[in-house]
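> Please see the structure below; I have some questions.
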Amino acid sequence: MDITIKSLKFDADAKLIAFIEKKVARLEKFHGGQTDVEVILSLVNDTANKAVKLKLHTPGESHIIERNSSSFEDAVTTCVDIMKEKLTRSKEKTLEK
């Protein structure tokens with residue numbers, strides 16, 4: 001799994017990057033094989049709102065989740081949880097065919 005983290009208009013600290021990598025790495029359990037994950041962090045209008053866009057690219061399909069929160073950690077956690085559900089549903093549909 002290749003994880004790319006981009007922070008727009010600010011520099012993310014090492015603690016935040018480590019947190020994101022730890023959370024996103026858990027997605028590998030839900031989708032085996034070659035996956036590329038891109039996490040884009042940005043500030044929305046002011047520093048009070050943070051936006052996270054999680055893009056997961058697998059052979060044949062891509063999934064994108066966007067969330068806003070008061071902290072990057074909350075937004076990343078929410079995105080990862082939603083992505084887990086999406087991958088599980090996608091896997092179930094594939095097995096039904």
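Residues in the structure tokens are numbered from 1 in each chain, the chains being A, B, ... in the order shown, and ligands are numbered from 1 in the order shown.
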Enumerate the residues of chain A with a DSSP assignment of alpha helix (DSSP H), computed from the backbone, and present them as a VMD selection string.

chain A and resid 14 to 25 72 to 96

> Using only C-alpha atoms, determine which residues lie at most 8 Å from range 63-75 of chain A, disregarding the query and same-chain residues fewer than 4 positions distant; provide the list as a list in words.

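The residues that qualify are Leu16, Phe19, Ile20, Leu41, Ala48, Asn49, Lys50, Ala51, Val52, Lys53, Leu54, Lys55, Leu56, His57, Cys79, Ile82 and Met83 of chain A.
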
> Would you please work out which residue, of A:Leu95, A:Ala25, A:Val80, A:Ile40, is nearest to Met1 in chain A when using only C-alpha atoms?

A:Ala25

> Of the residues A:Val76, A:His31, A:Asp13, A:Ser42, which is the one nearest to Glu92 in chain A, using only C-alpha atoms?

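Ranked by minimum distance to Glu92 in chain A, first place goes to A:His31.
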
> May I ask for the distance between CA of Pro59 in chain A and CA of Asp81 in chain A, given in Å to one decimal place?

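Going from CA of Pro59 in chain A over to CA of Asp81 in chain A, I get 21.3 Å.
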
> Mind checking which residues fall within 7 Å of Ile3 in chain A, counting only C-alpha atoms, ignoring those fewer than 3 positions away in the same chain, and posting them as a list in words?

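The filter keeps Asp36, Val37 and Glu38 of chain A.
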
> Once DSSP has gone over the backbone, tell me which residues of chain A are in strand (DSSP E), as an MDAnalysis selection string.

chainID A and resid 2:7 36:44 49:58 61:69

> Between A:Lys23, A:Leu43, A:Glu61, A:Lys93, single out the one closest to Phe10 in chain A, counting only C-alpha atoms.

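Residue with the minimum atom-to-atom distance to Phe10 in chain A: A:Leu43.
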
> What's the separation between CA of Ser7 in chain A and CA of Thr88 in chain A, in Å to one decimal place?

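About the pair CA of Ser7 in chain A and CA of Thr88 in chain A: they are 28.1 Å apart.
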
> What does the distance between CA of Thr35 in chain A and CA of Ser62 in chain A come to in Å, to one decimal place?

9.6 Å
